[in-house]
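Chemist: My file is data-v4.cif. It has mmCIF, C-alpha atoms and all ligand atoms:
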data_model
#
loop_
_atom_site.label_atom_id
_atom_site.label_comp_id
_atom_site.auth_asym_id
_atom_site.auth_seq_id
_atom_site.Cartn_x
_atom_site.Cartn_y
_atom_site.Cartn_z
CA MET A 1 -9.40 23.60 -0.83
CA PRO A 2 -11.12 24.78 2.41
CA GLY A 3 -9.09 24.98 5.62
CA SER A 4 -5.78 26.85 5.48
CA ARG A 5 -2.61 25.32 6.94
CA ALA A 6 -2.32 28.09 9.54
CA ALA A 7 -5.90 27.58 10.67
CA GLU A 8 -5.37 23.83 10.90
CA SER A 9 -2.22 24.08 12.98
CA VAL A 10 -3.81 26.21 15.72
CA SER A 11 -7.29 24.66 15.81
CA VAL A 12 -6.73 20.91 15.66
CA ARG A 13 -7.27 19.55 19.15
CA ARG A 14 -9.13 16.33 18.34
CA VAL A 15 -8.19 13.90 15.61
CA VAL A 16 -10.33 10.86 14.83
CA VAL A 17 -8.75 8.01 12.84
CA VAL A 18 -10.98 5.38 11.20
CA GLY A 19 -9.05 2.12 10.81
CA GLY A 20 -6.07 1.04 12.90
CA SER A 21 -4.04 -1.15 10.57
CA THR A 22 -0.88 -0.07 8.73
CA ALA A 23 -2.10 3.34 7.54
CA GLY A 24 -4.16 4.32 10.61
CA SER A 25 -1.64 3.19 13.22
CA THR A 26 1.23 4.90 11.36
CA ALA A 27 -0.78 8.15 11.20
CA MET A 28 -1.40 8.06 14.95
CA ARG A 29 2.25 7.38 15.77
CA GLU A 30 3.35 10.11 13.38
CA LEU A 31 0.93 12.67 14.88
CA ARG A 32 2.39 12.02 18.34
CA ARG A 33 5.96 12.00 17.00
CA ARG A 34 5.35 15.41 15.47
CA GLY A 35 4.20 16.77 18.81
CA PHE A 36 0.40 16.56 18.61
CA ASP A 37 -0.77 16.59 22.24
CA GLY A 38 -4.52 16.82 21.71
CA GLU A 39 -7.08 14.03 21.79
CA LEU A 40 -6.52 11.10 19.46
CA VAL A 41 -9.40 8.68 18.89
CA LEU A 42 -9.05 5.42 16.97
CA VAL A 43 -12.26 3.90 15.61
CA ASP A 44 -11.89 0.26 14.53
CA PRO A 45 -13.99 -2.76 15.54
CA ALA A 46 -10.87 -4.92 15.39
CA ARG A 47 -7.17 -4.83 16.16
CA GLY A 48 -5.14 -3.70 13.19
CA THR A 49 -3.45 -6.25 10.94
CA ASN A 50 -0.09 -6.10 9.18
CA ARG A 51 -1.17 -7.91 6.01
CA PRO A 52 1.97 -8.80 3.98
CA PRO A 53 2.86 -11.84 6.15
CA LEU A 54 -0.65 -13.28 5.64
CA SER A 55 0.25 -14.57 2.16
CA LYS A 56 3.79 -15.58 3.11
CA ALA A 57 4.76 -16.67 6.65
CA VAL A 58 1.16 -17.31 7.80
CA LEU A 59 0.41 -19.58 4.82
CA ALA A 60 3.70 -21.40 5.34
CA ALA A 61 3.44 -22.12 9.08
CA ASP A 62 1.32 -21.65 12.18
CA MET A 63 2.08 -18.13 13.37
CA PRO A 64 0.95 -16.54 16.64
CA ASP A 65 -1.65 -13.74 16.30
CA GLU A 66 0.82 -11.30 17.81
CA SER A 67 3.15 -11.68 14.83
CA VAL A 68 0.63 -9.97 12.53
CA LEU A 69 -1.80 -8.04 14.74
CA ILE A 70 -0.81 -4.44 15.43
CA ASP A 71 -0.21 -3.41 19.03
CA HIS A 72 -1.70 0.04 19.70
CA SER A 73 -0.92 0.01 23.41
CA SER A 74 2.15 2.24 23.05
CA ILE A 75 0.11 4.95 21.26
CA ASP A 76 -1.56 7.56 23.46
CA ALA A 77 -5.03 7.21 21.94
CA GLN A 78 -8.54 6.16 22.91
CA HIS A 79 -9.62 3.04 20.99
CA VAL A 80 -13.35 2.87 20.18
CA LEU A 81 -14.02 -0.79 19.32
CA ALA A 82 -16.86 -0.15 16.86
CA ALA A 83 -17.25 0.37 13.13
CA ALA A 84 -17.74 3.84 11.70
CA VAL A 85 -21.19 3.93 10.11
CA GLY A 86 -21.86 7.58 9.36
CA LEU A 87 -20.25 10.95 8.85
CA ASP A 88 -21.62 14.49 8.98
CA THR A 89 -18.93 16.61 7.34
CA CYS A 90 -20.75 19.89 8.07
CA ALA A 91 -21.11 19.24 11.80
CA ARG A 92 -17.75 17.39 11.79
CA VAL A 93 -19.10 14.37 13.60
CA LEU A 94 -18.44 10.68 12.98
CA THR A 95 -21.00 8.09 14.12
CA THR A 96 -20.11 4.54 15.16
CA ALA A 97 -22.22 1.36 15.11
CA ASP A 98 -22.80 1.60 18.88
CA GLY A 99 -24.65 4.89 18.28
CA ALA A 100 -21.91 7.08 19.75
CA GLU A 101 -20.96 10.37 18.09
CA HIS A 102 -17.34 11.47 17.76
CA PRO A 103 -16.68 15.11 16.94
CA TYR A 104 -13.40 15.87 15.19
CA ASP A 105 -11.24 18.77 14.12
CA ALA A 106 -9.51 16.48 11.64
CA LEU A 107 -10.66 13.09 10.41
CA VAL A 108 -8.32 10.49 8.91
CA ILE A 109 -10.02 7.76 6.90
CA ALA A 110 -7.86 4.62 6.83
CA SER A 111 -10.56 1.97 6.43
CA GLY A 112 -8.57 0.02 3.83
CA SER A 113 -10.25 -2.40 1.48
CA THR A 114 -11.87 -5.80 1.29
CA ALA A 115 -11.15 -8.74 -1.01
CA ARG A 116 -13.02 -8.65 -4.31
CA ARG A 117 -15.13 -11.78 -4.81
CA ILE A 118 -16.37 -13.31 -8.06
CA ALA A 119 -18.77 -15.98 -6.80
CA ALA A 120 -22.39 -15.65 -7.89
CA ALA A 121 -24.82 -14.30 -5.29
CA GLY A 122 -25.33 -17.00 -2.66
CA GLN A 123 -22.65 -19.32 -4.11
CA ARG A 124 -20.59 -20.73 -1.22
CA GLY A 125 -17.01 -21.98 -1.01
CA GLU A 126 -15.00 -19.20 -2.67
CA LEU A 127 -11.74 -18.62 -0.77
CA VAL A 128 -10.13 -15.16 -0.58
CA LEU A 129 -7.20 -13.71 1.35
CA ARG A 130 -7.45 -10.41 3.18
CA THR A 131 -7.74 -11.08 6.91
CA LEU A 132 -5.94 -13.26 9.45
CA ASP A 133 -9.02 -15.52 9.57
CA ASP A 134 -8.88 -15.83 5.75
CA ALA A 135 -5.19 -16.77 5.98
CA ARG A 136 -5.81 -19.42 8.67
CA THR A 137 -8.71 -20.92 6.68
CA LEU A 138 -6.64 -20.89 3.51
CA ARG A 139 -3.64 -22.49 5.20
CA HIS A 140 -5.85 -25.31 6.46
CA ARG A 141 -7.40 -25.79 2.99
CA LEU A 142 -4.04 -25.71 1.19
CA THR A 143 -2.56 -28.34 3.46
CA SER A 144 -5.61 -30.61 3.03
CA SER A 145 -6.11 -30.17 -0.76
CA SER A 146 -4.41 -32.11 -3.52
CA SER A 147 -5.53 -29.66 -6.22
CA VAL A 148 -5.87 -25.88 -6.06
CA VAL A 149 -7.06 -23.34 -8.62
CA VAL A 150 -6.00 -19.75 -8.08
CA VAL A 151 -7.98 -17.18 -10.05
CA GLY A 152 -5.80 -14.12 -10.59
CA GLY A 153 -2.08 -14.04 -11.33
CA GLY A 154 -1.14 -10.82 -9.56
CA PHE A 155 1.44 -10.85 -6.78
CA LEU A 156 -1.11 -12.15 -4.26
CA GLY A 157 -2.30 -14.97 -6.53
CA MET A 158 1.27 -16.03 -7.26
CA GLU A 159 2.16 -15.94 -3.55
CA VAL A 160 -0.83 -18.19 -2.83
CA ALA A 161 0.19 -20.47 -5.72
CA THR A 162 3.69 -20.66 -4.21
CA ALA A 163 2.27 -21.68 -0.83
CA ALA A 164 -0.06 -24.25 -2.42
CA ALA A 165 2.78 -25.80 -4.47
CA THR A 166 5.00 -25.90 -1.38
CA ALA A 167 2.19 -27.69 0.48
CA GLY A 168 2.28 -30.35 -2.24
CA ALA A 169 -0.89 -29.51 -4.20
CA THR A 170 -1.29 -29.47 -7.98
CA VAL A 171 -1.73 -25.76 -8.69
CA THR A 172 -3.30 -23.99 -11.65
CA VAL A 173 -3.32 -20.21 -11.91
CA VAL A 174 -5.95 -18.78 -14.27
CA ASP A 175 -5.79 -15.19 -15.50
CA VAL A 176 -6.74 -13.32 -18.66
CA GLU A 177 -3.25 -11.79 -18.69
CA PRO A 178 0.18 -13.37 -18.15
CA PRO A 179 0.85 -13.48 -14.39
CA LEU A 180 2.62 -10.55 -12.74
CA ARG A 181 3.14 -8.61 -15.97
CA ARG A 182 0.95 -5.69 -14.93
CA VAL A 183 2.70 -5.41 -11.54
CA LEU A 184 6.33 -6.08 -12.43
CA GLY A 185 6.72 -5.85 -16.22
CA ALA A 186 7.40 -8.54 -18.82
CA HIS A 187 10.98 -9.47 -17.88
CA LEU A 188 10.49 -10.20 -14.18
CA ALA A 189 7.03 -11.68 -14.83
CA ALA A 190 8.39 -14.20 -17.35
CA ASP A 191 11.29 -15.21 -15.11
CA LEU A 192 9.09 -15.68 -12.03
CA LEU A 193 6.50 -17.63 -14.02
CA ALA A 194 9.21 -19.97 -15.34
CA ARG A 195 10.44 -20.53 -11.78
CA ALA A 196 6.87 -21.12 -10.54
CA GLU A 197 6.29 -23.60 -13.40
CA ALA A 198 9.46 -25.43 -12.37
CA THR A 199 7.82 -26.02 -8.97
CA GLY A 200 4.74 -27.51 -10.65
CA VAL A 201 2.50 -24.45 -10.96
CA ARG A 202 0.57 -24.47 -14.26
CA PHE A 203 -0.74 -21.28 -15.88
CA VAL A 204 -3.87 -21.09 -18.04
CA GLN A 205 -4.65 -17.83 -19.84
CA SER A 206 -8.43 -17.48 -19.77
CA THR A 207 -11.38 -15.95 -18.01
CA ALA A 208 -12.70 -18.06 -15.12
CA VAL A 209 -16.23 -18.41 -13.77
CA LEU A 210 -16.67 -20.23 -10.47
CA VAL A 211 -18.83 -23.36 -10.78
CA GLY A 212 -20.47 -25.69 -8.26
CA GLU A 213 -22.37 -25.17 -5.02
CA PRO A 214 -20.26 -25.02 -2.97
CA VAL A 215 -17.55 -24.09 -5.48
CA THR A 216 -15.84 -27.10 -7.09
CA GLY A 217 -13.84 -25.43 -9.84
CA VAL A 218 -13.88 -22.88 -12.64
CA GLU A 219 -15.28 -22.80 -16.14
CA LEU A 220 -12.78 -21.47 -18.69
CA ALA A 221 -13.46 -19.33 -21.78
CA ASP A 222 -13.40 -22.41 -24.07
CA GLY A 223 -16.21 -24.03 -22.05
CA SER A 224 -13.98 -26.59 -20.32
CA THR A 225 -13.97 -26.94 -16.55
CA LEU A 226 -11.07 -27.18 -14.13
CA THR A 227 -12.08 -28.90 -10.91
CA ALA A 228 -10.11 -28.48 -7.68
CA ASP A 229 -10.34 -29.21 -3.96
CA ALA A 230 -9.83 -25.50 -3.27
CA VAL A 231 -10.54 -22.45 -5.43
CA VAL A 232 -8.99 -19.17 -4.33
CA SER A 233 -9.90 -15.79 -5.85
CA CYS A 234 -7.07 -13.25 -5.82
CA VAL A 235 -8.70 -10.71 -8.09
CA GLY A 236 -8.06 -7.42 -6.39
CA ASP A 237 -9.61 -5.42 -3.59
CA ILE A 238 -12.48 -3.00 -3.10
CA PRO A 239 -12.01 0.20 -1.07
CA ALA A 240 -13.99 0.03 2.20
CA THR A 241 -16.17 3.06 1.61
CA ALA A 242 -19.72 1.66 1.90
CA TRP A 243 -20.05 3.35 5.30
CA LEU A 244 -19.55 6.73 3.58
CA ASP A 245 -22.50 6.35 1.20
CA GLY A 246 -24.68 9.42 1.31
CA THR A 247 -22.08 11.58 3.07
CA GLY A 248 -21.18 13.59 -0.04
CA LEU A 249 -17.60 12.32 -0.09
CA PRO A 250 -16.86 10.99 -3.61
CA THR A 251 -15.89 7.33 -3.28
CA ALA A 252 -16.37 5.83 -6.77
CA HIS A 253 -12.84 4.38 -7.10
CA GLY A 254 -11.49 5.00 -3.63
CA ILE A 255 -11.41 8.33 -1.86
CA GLU A 256 -9.63 10.86 -4.01
CA ILE A 257 -6.78 12.72 -2.29
CA ASP A 258 -4.27 15.38 -3.25
CA MET A 259 -0.50 15.39 -2.63
CA SER A 260 -1.17 16.24 1.04
CA ALA A 261 -3.65 13.37 1.55
CA ARG A 262 -6.54 15.87 1.73
CA THR A 263 -9.91 14.85 0.33
CA SER A 264 -12.31 17.29 -1.34
CA VAL A 265 -13.95 17.89 2.08
CA ALA A 266 -12.31 20.25 4.57
CA ASP A 267 -10.34 18.56 7.36
CA VAL A 268 -11.03 15.07 6.05
CA TYR A 269 -7.95 13.07 4.98
CA ALA A 270 -7.74 9.61 3.44
CA ILE A 271 -4.73 7.28 3.41
CA GLY A 272 -3.72 3.75 2.46
CA ASP A 273 -5.72 1.24 0.45
CA VAL A 274 -8.93 3.29 0.69
CA ALA A 275 -7.32 6.31 -0.99
CA ALA A 276 -6.71 7.18 -4.65
CA VAL A 277 -4.07 9.82 -5.41
CA ARG A 278 -4.86 12.52 -7.96
CA SER A 279 -1.90 13.62 -10.04
CA GLY A 280 -3.00 15.88 -12.89
CA HIS A 281 -5.82 14.04 -14.66
CA ASP A 282 -4.66 10.68 -13.33
CA VAL A 283 -6.44 9.29 -10.25
CA ARG A 284 -4.95 6.03 -9.09
CA ARG A 285 -5.01 3.69 -6.10
CA ALA A 286 -1.71 1.99 -5.35
CA PRO A 287 -2.70 -0.44 -2.58
CA TYR A 288 0.73 -1.37 -1.30
CA TRP A 289 2.19 -1.33 2.18
CA ALA A 290 4.76 1.44 1.57
CA ASN A 291 2.06 3.78 0.28
CA ALA A 292 -0.07 3.20 3.39
CA VAL A 293 2.95 4.27 5.47
CA THR A 294 4.02 7.29 3.41
CA GLN A 295 0.46 8.62 3.06
CA ALA A 296 0.00 8.33 6.84
CA ARG A 297 3.13 10.43 7.38
CA VAL A 298 1.99 12.99 4.82
CA ALA A 299 -1.47 13.28 6.40
CA ALA A 300 -0.05 13.73 9.92
CA ALA A 301 2.20 16.57 8.77
CA ALA A 302 -0.61 18.22 6.80
CA ILE A 303 -3.05 18.02 9.74
CA LEU A 304 -0.53 19.79 11.97
CA GLY A 305 0.28 22.42 9.33
CA GLN A 306 3.86 21.18 9.13
CA ASP A 307 6.00 20.76 6.06
CA VAL A 308 5.33 17.53 4.19
CA GLU A 309 8.72 15.92 3.49
CA ASP A 310 7.50 12.52 2.32
CA PRO A 311 6.15 11.84 -1.17
CA ILE A 312 2.49 10.77 -1.35
CA VAL A 313 3.54 7.71 -3.37
CA ASP A 314 6.52 5.64 -2.25
CA HIS A 315 7.90 3.46 -5.03
CA TYR A 316 8.84 0.53 -2.85
CA PHE A 317 7.32 -2.92 -3.24
CA TRP A 318 8.30 -6.45 -2.31
CA THR A 319 6.97 -9.93 -2.80
CA GLU A 320 8.13 -13.55 -2.51
CA ILE A 321 7.27 -15.92 -5.34
CA ALA A 322 8.56 -19.41 -6.18
CA GLY A 323 11.34 -19.08 -3.63
CA VAL A 324 12.57 -15.74 -4.98
CA SER A 325 12.34 -12.61 -2.87
CA VAL A 326 11.77 -9.50 -4.97
CA LYS A 327 12.43 -6.07 -3.47
CA ALA A 328 11.90 -3.14 -5.82
CA VAL A 329 12.70 0.54 -5.38
CA GLY A 330 11.50 2.79 -8.21
CA PRO A 331 8.54 2.86 -10.56
CA LEU A 332 6.88 -0.42 -11.55
CA PRO A 333 6.15 -2.12 -13.92
CA VAL A 334 9.52 -1.98 -15.65
CA ALA A 335 9.80 -2.19 -19.44
CA GLY A 336 12.59 -3.99 -21.27
CA VAL A 337 15.58 -6.01 -20.17
CA PRO A 338 17.53 -4.98 -17.03
CA THR A 339 21.21 -4.28 -16.56
CA THR A 340 22.77 -6.66 -14.07
CA PHE A 341 24.35 -4.36 -11.50
CA GLU A 342 25.49 -7.24 -9.29
CA ASP A 343 25.39 -10.88 -10.39
CA ALA A 344 24.64 -13.50 -7.75
CA GLY A 345 24.23 -16.36 -10.24
CA ASP A 346 21.09 -18.24 -11.40
CA GLY A 347 19.57 -14.97 -12.62
CA HIS A 348 19.67 -13.54 -9.11
CA GLY A 349 21.35 -10.26 -8.22
CA ILE A 350 20.78 -6.53 -8.23
CA LEU A 351 18.99 -5.59 -11.43
CA THR A 352 18.49 -2.04 -12.68
CA TRP A 353 16.32 -0.33 -15.26
CA ASP A 354 16.45 3.24 -16.51
CA GLY A 355 14.00 5.34 -14.61
CA PRO A 356 15.60 4.25 -12.35
CA THR A 357 14.20 1.11 -10.79
CA VAL A 358 16.48 -1.12 -8.74
CA VAL A 359 15.45 -4.66 -7.82
CA ALA A 360 17.07 -7.03 -5.35
CA TYR A 361 16.15 -10.29 -7.07
CA GLY A 362 16.67 -13.36 -4.94
CA VAL A 363 19.34 -11.60 -2.87
CA ARG A 364 19.17 -9.82 0.47
CA ARG A 365 19.63 -6.06 0.33
CA SER A 366 18.30 -3.41 2.71
CA VAL A 367 15.85 -0.83 1.38
CA PRO A 368 18.15 2.11 2.25
CA LYS A 369 20.95 0.45 0.24
CA LEU A 370 18.62 -0.10 -2.71
CA ARG A 371 17.52 3.53 -2.51
CA ALA A 372 21.17 4.63 -2.43
CA THR A 373 21.87 2.57 -5.57
CA ALA A 374 18.87 4.20 -7.28
CA ARG A 375 20.12 7.67 -6.28
CA GLY A 376 23.57 6.84 -7.62
CA LEU A 377 22.09 5.79 -10.96
CA THR A 378 20.05 8.99 -11.16
CA GLU A 379 23.11 11.13 -10.45
CA ALA A 380 25.19 9.22 -13.00
CA SER A 381 22.56 9.79 -15.69
CA VAL A 382 22.43 13.61 -15.33
C1 LIG A 401 -2.50 -10.97 1.98
C2 LIG A 401 -1.87 -9.66 1.61
C3 LIG A 401 -0.51 -9.61 1.33
C4 LIG A 401 0.10 -8.42 0.99
N1 LIG A 401 1.42 -8.39 0.71
C5 LIG A 401 2.01 -7.23 0.36
C6 LIG A 401 3.39 -7.18 0.03
O1 LIG A 401 4.09 -8.19 0.02
N2 LIG A 401 3.95 -5.97 -0.29
C7 LIG A 401 3.21 -4.82 -0.30
O2 LIG A 401 3.74 -3.75 -0.60
N3 LIG A 401 1.89 -4.83 0.01
C8 LIG A 401 1.28 -6.00 0.34
N4 LIG A 401 -0.05 -6.03 0.64
C9 LIG A 401 -0.81 -4.76 0.65
C10 LIG A 401 -0.72 -4.08 2.02
O3 LIG A 401 -0.87 -5.02 3.02
C11 LIG A 401 -1.80 -3.01 2.11
O4 LIG A 401 -1.48 -2.00 1.17
C12 LIG A 401 -1.92 -2.41 3.51
O5 LIG A 401 -2.31 -3.41 4.40
C13 LIG A 401 -2.95 -1.29 3.54
O6 LIG A 401 -3.15 -0.87 4.86
P1 LIG A 401 -4.42 0.01 5.27
O7 LIG A 401 -4.20 0.37 6.71
O8 LIG A 401 -4.63 1.09 4.28
O9 LIG A 401 -5.69 -0.93 5.10
P2 LIG A 401 -6.14 -2.26 5.86
O10 LIG A 401 -4.96 -3.08 6.19
O11 LIG A 401 -7.20 -2.88 5.01
O12 LIG A 401 -6.79 -1.76 7.22
C14 LIG A 401 -8.03 -1.13 7.27
C15 LIG A 401 -8.50 -1.07 8.71
O13 LIG A 401 -9.73 -0.36 8.74
C16 LIG A 401 -10.67 -1.03 9.56
N5 LIG A 401 -12.01 -0.68 9.08
C17 LIG A 401 -12.58 -0.99 7.90
N6 LIG A 401 -13.82 -0.45 7.81
C18 LIG A 401 -14.00 0.23 8.97
C19 LIG A 401 -15.08 1.00 9.49
N7 LIG A 401 -16.22 1.20 8.81
N8 LIG A 401 -14.94 1.55 10.71
C20 LIG A 401 -13.79 1.38 11.42
N9 LIG A 401 -12.75 0.68 10.98
C21 LIG A 401 -12.86 0.10 9.77
C22 LIG A 401 -10.31 -2.50 9.42
O14 LIG A 401 -10.76 -3.25 10.56
C23 LIG A 401 -8.79 -2.44 9.31
O15 LIG A 401 -8.17 -2.52 10.59
C24 LIG A 401 -0.68 -7.23 0.96
C25 LIG A 401 -2.07 -7.29 1.22
C26 LIG A 401 -2.66 -8.49 1.54
C27 LIG A 401 -4.14 -8.55 1.82
#
Would you write the structure of this file as structure tokens?
Ligand SMILES: Cc1cc2nc3c(=O)[nH]c(=O)nc-3n(C[C@H](O)[C@H](O)[C@H](O)COP(=O)(O)OP(=O)(O)OC[C@H]3O[C@@H](n4cnc5c(N)ncnc54)[C@H](O)[C@@H]3O)c2cc1C
Modeler:
Amino acid sequence: MPGSRAAESVSVRRVVVVGGSTAGSTAMRELRRRGFDGELVLVDPARGTNRPPLSKAVLAADMPDESVLIDHSSIDAQHVLAAAVGLDTCARVLTTADGAEHPYDALVIASGSTARRIAAAGQRGELVLRTLDDARTLRHRLTSSSSVVVVGGGFLGMEVATAAATAGATVTVVDVEPPLRRVLGAHLAADLLARAEATGVRFVQSTAVLVGEPVTGVELADGSTLTADAVVSCVGDIPATAWLDGTGLPTAHGIEIDMSARTSVADVYAIGDVAAVRSGHDVRRAPYWANAVTQARVAAAAILGQDVEDPIVDHYFWTEIAGVSVKAVGPLPVAGVPTTFEDAGDGHGILTWDGPTVVAYGVRRSVPKLRATARGLTEASV
């Protein structure tokens, strides 16, 4: 990999960060915390967004912008309010939509991802959830709809289904796989689905094709149609890399990074939802909040030639579905039946799996405490 650590630590005087949401803003704070006193330039046409509340608190109630938009004012950085549109990795210059050029010693790409859509070209009316505007639109539609179809039974789809059921709508989730199984494993997935069904959410295992103009429902694999007042696609996200086309940076499934968040191009780092971590032959995106944070910390240390203490993947994930908060520390999905480490009744408690993975299921428990429990289990098993 070009660019030695020693060379980086003495020569980096100007860092440009593309994207100022969770990953980008954490990288900037971490650079300053680690003593970087050179120029820091943030390129983002918008204010950053902390996305997890968008499918929870923001769907449940009117929330002020400030509760989810990220405040960069305490970071000593210049904010260029324009999109990055080009990159010359030989000259080390980033170009923004306003035509300005931004030279860098190190570039951090934190441009995140966008919601994947399944509507046909030109077909209107598909709802998605990625931005604050999406969340506000969706909240309005959920509260004014008596029937909702959610395509996709991942954590996001099930959070949207929870909000729709709470708002009083008849909710159908359609997915080719049982909801949540790929994210959480069969045990937790089955329990959460049963709890969601008890609140009136129905699950249909099928492919779904959006029908109507604007969208009025979905056609299932058996040819039948489900109509609904609102149809929401929660079918994954696409790394925001279109602006890098033609720059020579490989972006097929996200920007590939190593354990130090370095890309294949010297002095270019990628972090958060836009990045895919290579581990051996495995290259994988893990678009979760904790990974955006840990990769930002790793990149900041690597840029400054300092020791990287944090792992590039942080096995911490949480969600809230059918009234149950799920906080997991350790690898997911989990296979098999858990051991109940602490029983809080009604299936709630602290659940553990070999590995170890520890889950606070419907009970409050701080992340450090969950991590301590996981450490204790590891020590007990050796
Ligand atoms: C609704 C929702 C709920 C979620 N809930 C959870 C949860 O409960 N638990 C969990 O672990 N994870 C959750 N996630 C995932 C988590 O929010 C993401 O992993 C995290 O937001 C990724 O942050 P990021 O900074 O990498 O990307 P993003 O948040 O996508 O930010 C990318 C930034 O880049 C900017 N940008 C894009 N293109 C350009 C460009 N060309 N030039 C300049 N700037 C650009 C954008 O304006 C944006 O500010 C949720 C995600 C969503 C959408």
Chemist: Around ligand LIG 401 (chain A), fit a box with edges along x, y and z, padding it by 6 Å on each side, then list its centre and edge lengths in Å to one decimal as JSON.
Modeler:
{"center_x": -6.1, "center_y": -4.7, "center_z": 5.4, "size_x": 32.3, "size_y": 24.5, "size_z": 24.0}
Chemist: Interatomic distance between atom CA of Ile238 of chain A and atom CA of Thr114 of chain A?
Modeler: 5.2 Å
Chemist: List all protein, DNA and RNA residues that have any atom at most 7 Å from ligand LIG 401 (chain A), counting all atoms listed in the file, and write the list as a short mmCIF file (atom, residue, chain, number, x, y, z; two decimals) with C-alpha atoms, in the frame of the given file.
Modeler:
data_model
loop_
_atom_site.label_atom_id
_atom_site.label_comp_id
_atom_site.auth_asym_id
_atom_site.auth_seq_id
_atom_site.Cartn_x
_atom_site.Cartn_y
_atom_site.Cartn_z
CA VAL A 18 -10.98 5.38 11.20
CA GLY A 19 -9.05 2.12 10.81
CA GLY A 20 -6.07 1.04 12.90
CA SER A 21 -4.04 -1.15 10.57
CA THR A 22 -0.88 -0.07 8.73
CA ALA A 23 -2.10 3.34 7.54
CA GLY A 24 -4.16 4.32 10.61
CA VAL A 43 -12.26 3.90 15.61
CA ASP A 44 -11.89 0.26 14.53
CA PRO A 45 -13.99 -2.76 15.54
CA ALA A 46 -10.87 -4.92 15.39
CA ARG A 47 -7.17 -4.83 16.16
CA GLY A 48 -5.14 -3.70 13.19
CA THR A 49 -3.45 -6.25 10.94
CA ASN A 50 -0.09 -6.10 9.18
CA ARG A 51 -1.17 -7.91 6.01
CA PRO A 52 1.97 -8.80 3.98
CA PRO A 53 2.86 -11.84 6.15
CA LEU A 54 -0.65 -13.28 5.64
CA SER A 55 0.25 -14.57 2.16
CA ALA A 82 -16.86 -0.15 16.86
CA ALA A 83 -17.25 0.37 13.13
CA ALA A 84 -17.74 3.84 11.70
CA VAL A 85 -21.19 3.93 10.11
CA ALA A 110 -7.86 4.62 6.83
CA SER A 111 -10.56 1.97 6.43
CA GLY A 112 -8.57 0.02 3.83
CA SER A 113 -10.25 -2.40 1.48
CA THR A 114 -11.87 -5.80 1.29
CA LEU A 129 -7.20 -13.71 1.35
CA ARG A 130 -7.45 -10.41 3.18
CA THR A 131 -7.74 -11.08 6.91
CA LEU A 156 -1.11 -12.15 -4.26
CA ALA A 240 -13.99 0.03 2.20
CA TRP A 243 -20.05 3.35 5.30
CA ILE A 271 -4.73 7.28 3.41
CA GLY A 272 -3.72 3.75 2.46
CA ASP A 273 -5.72 1.24 0.45
CA VAL A 274 -8.93 3.29 0.69
CA PRO A 287 -2.70 -0.44 -2.58
CA TYR A 288 0.73 -1.37 -1.30
CA TRP A 289 2.19 -1.33 2.18
CA ALA A 290 4.76 1.44 1.57
CA ASN A 291 2.06 3.78 0.28
CA ALA A 292 -0.07 3.20 3.39
CA PHE A 317 7.32 -2.92 -3.24
CA TRP A 318 8.30 -6.45 -2.31
CA THR A 319 6.97 -9.93 -2.80
#
Chemist: From the set A:Val12, A:Leu192, A:Val93, A:Leu87, which residue has the shortest atom-to-atom contact distance to Asp245 of chain A, counting only C-alpha atoms?
Modeler: A:Leu87
Chemist: May I ask for the distance between atom CA of Thr340 of chain A and atom CA of Val359 of chain A, given in Å to one decimal place?
Modeler: 9.8 Å
Chemist: Which neighbours of Val173 of chain A fall inside 6 Å, counting all atoms listed in the file, when residues of the same chain fewer than 6 positions from it are skipped, and could you give them as a list in words?
Modeler: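 What passes the distance filter is Val149, Val150, Val151 and Phe203 of chain A.
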Chemist: For Glu159 of chain A, which residue among A:Glu66, A:Asp191, A:Glu342, A:Glu320 is the nearest when counting all atoms listed in the file?
Modeler: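 Ranking A:Glu66, A:Asp191, A:Glu342, A:Glu320 by distance to Glu159 of chain A, first place goes to A:Glu320.
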Chemist: In the coordinate frame of the file, compute which residues have an atom within 10 Å of (-14.9, -16.2, -7.5) when using all atoms listed in the file, and state them as a list in words.
Modeler: Arg116, Arg117, Ile118, Ala119, Ala120, Gln123, Arg124, Gly125, Glu126, Leu127, Val128, Val150, Val151, Gly152, Ala208, Val209, Leu210, Val211, Val215, Gly217, Val218, Val231, Val232, Ser233, Cys234 and Val235 of chain A
Chemist: Given only C-alpha atoms as the basis, pick out the residue of A:Ala189, A:Ala100, A:Ile350, A:Ala165 nearest to Arg365 of chain A.
Modeler: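 Smallest separation from Arg365 of chain A among the options: A:Ile350.
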Chemist: With distances taken over all atoms listed in the file, which residue among A:Ala344, A:Ala61, A:Leu188, A:Leu351 lies nearest Ala167 of chain A?
Modeler: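 Of all the options, A:Ala61 lies closest to Ala167 of chain A.
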Chemist: Using all atoms listed in the file, which of A:Tyr316, A:Val148, A:Gly248, A:Asp267 sits nearest Thr227 of chain A?
Modeler: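 Closest candidate: A:Val148.
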